[in-house]
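Okay, so here's the structure we're looking at.
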Amino acid sequence: MARNQDFVFTFMASNAFSLTVTNPAVSRVPIGPYQRALELRKAEGPRTLTIVESGSESDLTKPVAKAMEFVRDRTNGKLDTIGAFCIVASSNGCSMALAFGAALKKAGAPRLSYIGVADVTFFPFGRDPAVPGAGALQPRNAPLIFGGIDAGASDIVLSALKVHYPRTGRLSVPEVVLNEDVDAERRRNFFQTEGNHAKLVKKTPLGMPFDWWWFSSMKFGEVHGELVGWDNKRFDADGLFDDENHNDLCSVSPAKPTGILLTEAGAALARFPRP
Amino acid sequence: MPSLQSELFRGDARLETCLIRDSAHVTLGTEGEFVSKIQYALLVLHGGRIPEVEIRRRLYGRETAGIVLAYKRRRRIINFSYQQAADDIVGKMTIRALDADMLVFEARERLNQFLPKPPVRA
């Protein structure tokens with residue numbers, strides 16, 4: 001079977017789930033390298049490229065089924081015709097990327113060319129409902145406490161109606177193990193730790209009463225860190241608050257982490273397999 | 001009968017006793033779950049750094065006491081009936097002040113959940 005159908009899926013930030021086929025010429029994914037590769041390897045035969053942009057949802061069961069249905073439809077049910085397949089996601093979209101990657105593997109699709117995720121949302125007490133295939137994305141390790149807000153700055157900070165939990169610092173990184181891992185030639189995970197903090201909780205998931213656990217001032221106290229077994233890279237974020245640090249990572253500007261993932265996906269796409 | 005109001009301190013027998021009895025003041029070398037609560041309140045209300053060993057042992061050590069002293073100086077918590085300057089002990093006045101400040105912090109914490117989030121930069 002000719003592996004001549006190439007795909008890129010992007011699931012960005014807090015956008016709603018809606019699979020939108022995008023004209024490659026105006027896509028956020030740089031396809032210059034892919035076009036050059038097509039020219040150089042045109043003797044190998046024609047190929048199709050489908051770029052899909054979407055967001056995500058809280059319950060991913062239906063979105064994943066729809067994405068799989070889309071791929072089956074495009075390939076006429078023959079997943080072994082998939083050539084290069086890249087997925088890039090940020091924030092809540094990462095959960096969709098992980099679930100989709102796991103579903104493709106389960107369905108017997110060829111190994112993904114590339115998957116890149118930026119600031120995957122880790123929930124201190126687990127995601128509910130869990131990400132199909134991936135799990136609850138709950139950290140497995142306890143934080144180290146780095147320090148509180150700067151003395152003297154508290155009045156300014158509090159007057160802005162923001163709460164600041166003790167920082168956990170760069171050296172203390174939450175780790176998540178996926179239930180079913182994604183099979184890809186390259187698995188990249190970019191994250192920042194400036195938005196990570198800790199809180200004293202009545203009971204930690206590790207069973208310790210009144211102990212410290214991961215937290216932030218973001219919704220559901222989400223934090224960001226490493227996916228065990230992945231190619232992880234920490235970036236410095238330059239926001240004033242936790243949400244801003246997170247948004248800095250999720251920016252699609254070429255120099256920013258999510259922008260870099262899109263560029264890497266464009267390069268991976270150009271290394272499509274021989275038909 | 002006075003009692004602690006914040007979610008953090010409310011119902012903690014050791015700290016409730018601290019509020020009414022001099023012998024239950026929290027001093028250097030004290031250990032326990034209630035020390036973790038004091039450390040947490042200090043870090044969110046005042047700031048500073050507490051070494052991991054004091055955090056993990058739930059120990060009212062020198063660094064924790066140092067932040068208590070700084071907090072008391074800033075809040076001007078001094079019992080003028082017998083002292084001219086703040087000390088590094090958590091006594092009746094200090095636990096009352098920490099409790100009042102935590103009540104405000106917890107209210108802000110709840111409010112924060114409803115504040116609009118900044119949009120993602122494109």
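Following the order of the structure tokens, first chain is A, next is B, and so on, with residues numbered from 1 inside each chain and ligands from 1 in the order they appear.
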Fill in: Those in chain B with helix (DSSP H, G or I) from DSSP, as number ranges by chain
B: 13-18, 22-24, 33-45, 52-57, 62-74, 92-112
Restricting the output to C-alpha atoms, write the selected residues as a compact mmCIF listing (two decimals), in the first residue's frame.
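Written out: selection.txt:
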```
# COMPACT_ATOMS: atom_id res chain seq x y z
CA ALA B 13 -6.71 22.04 68.58
CA ARG B 14 -3.06 23.02 69.02
CA LEU B 15 -3.50 26.44 67.42
CA GLU B 16 -6.83 27.05 69.15
CA THR B 17 -4.98 26.48 72.42
CA CYS B 18 -2.25 28.86 71.28
CA ASP B 22 0.64 31.27 76.96
CA SER B 23 2.07 27.78 77.52
CA ALA B 24 0.89 26.78 74.04
CA GLU B 33 1.25 19.54 61.51
CA PHE B 34 0.23 22.93 62.94
CA VAL B 35 3.73 24.24 62.11
CA SER B 36 3.11 23.40 58.43
CA LYS B 37 -0.03 25.52 58.60
CA ILE B 38 1.89 28.44 60.09
CA GLN B 39 4.61 28.07 57.42
CA TYR B 40 2.02 28.04 54.64
CA ALA B 41 0.31 31.16 56.02
CA LEU B 42 3.65 32.95 56.28
CA LEU B 43 4.64 32.10 52.69
CA VAL B 44 1.38 33.24 51.11
CA LEU B 45 0.91 36.29 53.34
CA GLU B 52 13.21 22.20 52.73
CA VAL B 53 14.38 20.57 55.97
CA GLU B 54 12.03 22.77 58.03
CA ILE B 55 9.20 22.22 55.56
CA ARG B 56 9.60 18.42 55.50
CA ARG B 57 10.13 18.06 59.26
CA ARG B 62 15.36 29.42 62.67
CA GLU B 63 14.23 30.36 59.16
CA THR B 64 10.54 29.95 59.98
CA ALA B 65 11.04 31.98 63.15
CA GLY B 66 12.87 34.63 61.11
CA ILE B 67 9.89 35.07 58.81
CA VAL B 68 7.57 35.23 61.82
CA LEU B 69 9.71 38.05 63.20
CA ALA B 70 9.61 39.91 59.87
CA TYR B 71 5.84 39.41 59.63
CA LYS B 72 5.33 40.68 63.19
CA ARG B 73 7.51 43.73 62.54
CA ARG B 74 5.57 44.57 59.40
CA LYS B 92 -1.99 34.85 70.96
CA MET B 93 -1.68 38.12 69.02
CA THR B 94 0.28 36.55 66.17
CA ILE B 95 -2.02 33.60 65.59
CA ARG B 96 -4.98 36.00 65.68
CA ALA B 97 -3.32 38.22 63.05
CA LEU B 98 -2.35 35.26 60.86
CA ASP B 99 -5.91 33.95 61.10
CA ALA B 100 -7.41 37.32 60.13
CA ASP B 101 -5.02 37.68 57.17
CA MET B 102 -5.71 34.11 56.04
CA LEU B 103 -9.45 34.82 56.06
CA VAL B 104 -8.84 37.67 53.59
CA PHE B 105 -6.46 35.51 51.52
CA GLU B 106 -9.01 32.68 51.31
CA ALA B 107 -11.72 35.12 50.23
CA ARG B 108 -9.42 36.42 47.48
CA GLU B 109 -8.60 32.84 46.55
CA ARG B 110 -12.28 32.07 46.01
CA LEU B 111 -12.81 35.31 44.08
CA ASN B 112 -9.77 34.59 41.92
```
Hey, which bits of chain A sit within 8 Å of chain B, and for each residue what's the closest pair of atoms and how far apart in Å (one decimal), counting only C-alpha atoms, rows by chain and increasing number, as CSV?
```
residue,atom,partner,partner_atom,distance
A:Ala13,CA,B:Val120,CA,7.4
A:Leu144,CA,B:Glu52,CA,7.0
A:Ile145,CA,B:Glu52,CA,6.6
A:Phe146,CA,B:Arg49,CA,6.5
A:Gly147,CA,B:Arg49,CA,4.3
A:Gly148,CA,B:Gly47,CA,4.0
A:Ile149,CA,B:Gly47,CA,4.3
A:Asp150,CA,B:Gly47,CA,5.2
A:Ala151,CA,B:Gly47,CA,5.0
A:Gly152,CA,B:His46,CA,7.7
A:Ser154,CA,B:His46,CA,6.6
A:Leu161,CA,B:Arg108,CA,6.3
A:Lys162,CA,B:Asn112,CA,6.3
A:Val163,CA,B:Glu109,CA,5.9
A:His164,CA,B:Val44,CA,6.2
A:Tyr165,CA,B:Val44,CA,5.6
A:Pro166,CA,B:Leu43,CA,6.0
A:Lys199,CA,B:Tyr40,CA,7.4
A:Leu200,CA,B:Tyr40,CA,6.5
A:Phe210,CA,B:Glu33,CA,6.8
A:Asp211,CA,B:Ser36,CA,7.6
A:Ser217,CA,B:Asn112,CA,7.6
A:Met218,CA,B:Gln113,CA,7.8
A:Lys219,CA,B:Gln113,CA,6.6
A:Asp243,CA,B:Pro118,CA,6.9
A:Glu244,CA,B:Pro118,CA,7.0
A:Asn247,CA,B:Val120,CA,5.1
A:Asp248,CA,B:Arg121,CA,7.0
A:Cys250,CA,B:Val120,CA,7.1
A:Ser251,CA,B:Arg121,CA,5.3
A:Val252,CA,B:Ala122,CA,5.8
A:Ser253,CA,B:Ala122,CA,6.8
```
Discussion item. Env of region 168-170 of chain A: 10 Å cut, atoms = only C-alpha atoms, seq-sep filter 4 positions within chain, self excluded. Answer as a ChimeraX atom specification.
Written reply: /A:143-148,174,192-199,213-215,234-236
With C-alpha atoms retained, could you export that selection as a CSV table (one decimal), in the first residue's frame?
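Final output, saved to out_12.csv:
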```csv
chain,number,residue,atom,x,y,z
A,143,PRO,CA,6.9,19.5,45.0
A,144,LEU,CA,9.9,21.1,46.7
A,145,ILE,CA,9.1,24.5,48.2
A,146,PHE,CA,11.2,27.3,46.9
A,147,GLY,CA,9.7,30.3,48.6
A,148,GLY,CA,6.8,32.7,48.9
A,174,PRO,CA,6.0,17.7,38.2
A,192,GLN,CA,7.6,26.4,31.8
A,193,THR,CA,7.8,26.2,35.6
A,194,GLU,CA,7.4,29.9,36.4
A,195,GLY,CA,3.6,29.3,36.8
A,196,ASN,CA,4.0,26.3,39.1
A,197,HIS,CA,3.4,26.7,42.8
A,198,ALA,CA,2.5,24.6,45.8
A,199,LYS,CA,-0.2,24.6,48.4
A,213,TRP,CA,1.1,19.5,46.8
A,214,TRP,CA,1.2,21.1,43.3
A,215,PHE,CA,-1.0,24.1,42.7
A,234,ARG,CA,11.9,23.7,30.0
A,235,PHE,CA,11.6,27.3,28.7
A,236,ASP,CA,11.7,30.5,30.6
```
Practice prompt. Can you list, as a ChimeraX atom specification, all residues belonging to region 18-249 of chain A that DSSP tags as strand (DSSP E)?
Written response: /A:20-22,48-56,82-90,114-118,175-176,187-192,197-203,209-215,226-227,231-235
Discussion item. List the spatial neighbours of region 33-35 of chain A as a ChimeraX atom specification - criterion: any atom at most 8 Å away, only C-alpha atoms, same-chain residues fewer than 5 positions off excluded.
Written reply: /A:266-267,269-271
Please list as a PDB file with C-alpha atoms, in the first residue's frame every residue within 7 Å of Pro257 (chain A), counting only C-alpha atoms and excluding residues in the same chain fewer than 6 positions away.
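Result saved to around-v6.pdb:
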```
ATOM      1  CA  ALA A 118       3.466  22.783  24.879  1.00  0.00           C
ATOM      2  CA  PHE A 190       7.945  21.993  26.054  1.00  0.00           C
ATOM      3  CA  LEU A 249       4.514  29.199  26.213  1.00  0.00           C
ATOM      4  CA  CYS A 250       1.398  28.773  24.072  1.00  0.00           C
TER       5      CYS A 250
END
```
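Distances from A:Gly77, A:Gly259, A:Gly133, A:Pro46 to Lys105 (chain A) were compared using only C-alpha atoms, and the smallest one belongs to A:Gly133.
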Please provide the set of residues having any atom within 12 Å of Ala65 (chain A), restricted to only C-alpha atoms, with same-chain residues fewer than 6 positions apart removed, written as a PDB file with C-alpha atoms, in the first residue's frame.
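Wrote around.pdb, looks like this:
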```
ATOM      1  CA  LEU A  19     -11.956  20.055  12.893  1.00  0.00           C
ATOM      2  CA  ASP A  59     -14.537  15.285  27.699  1.00  0.00           C
ATOM      3  CA  VAL A  71      -8.730  10.162   9.226  1.00  0.00           C
ATOM      4  CA  ARG A  72     -10.539   6.956   8.208  1.00  0.00           C
ATOM      5  CA  MET A  96      -6.556  15.960  22.695  1.00  0.00           C
ATOM      6  CA  ALA A  99      -5.673  10.960  23.260  1.00  0.00           C
ATOM      7  CA  PHE A 100      -5.620  11.152  19.472  1.00  0.00           C
ATOM      8  CA  GLY A 101      -2.070   9.785  19.310  1.00  0.00           C
ATOM      9  CA  ALA A 102      -3.046   6.877  21.569  1.00  0.00           C
ATOM     10  CA  ALA A 103      -6.165   6.179  19.456  1.00  0.00           C
ATOM     11  CA  LEU A 104      -4.154   6.131  16.210  1.00  0.00           C
ATOM     12  CA  ALA A 107      -6.173   1.526  15.505  1.00  0.00           C
ATOM     13  CA  PRO A 132      -8.838   8.560  26.937  1.00  0.00           C
TER      14      PRO A 132
END
```
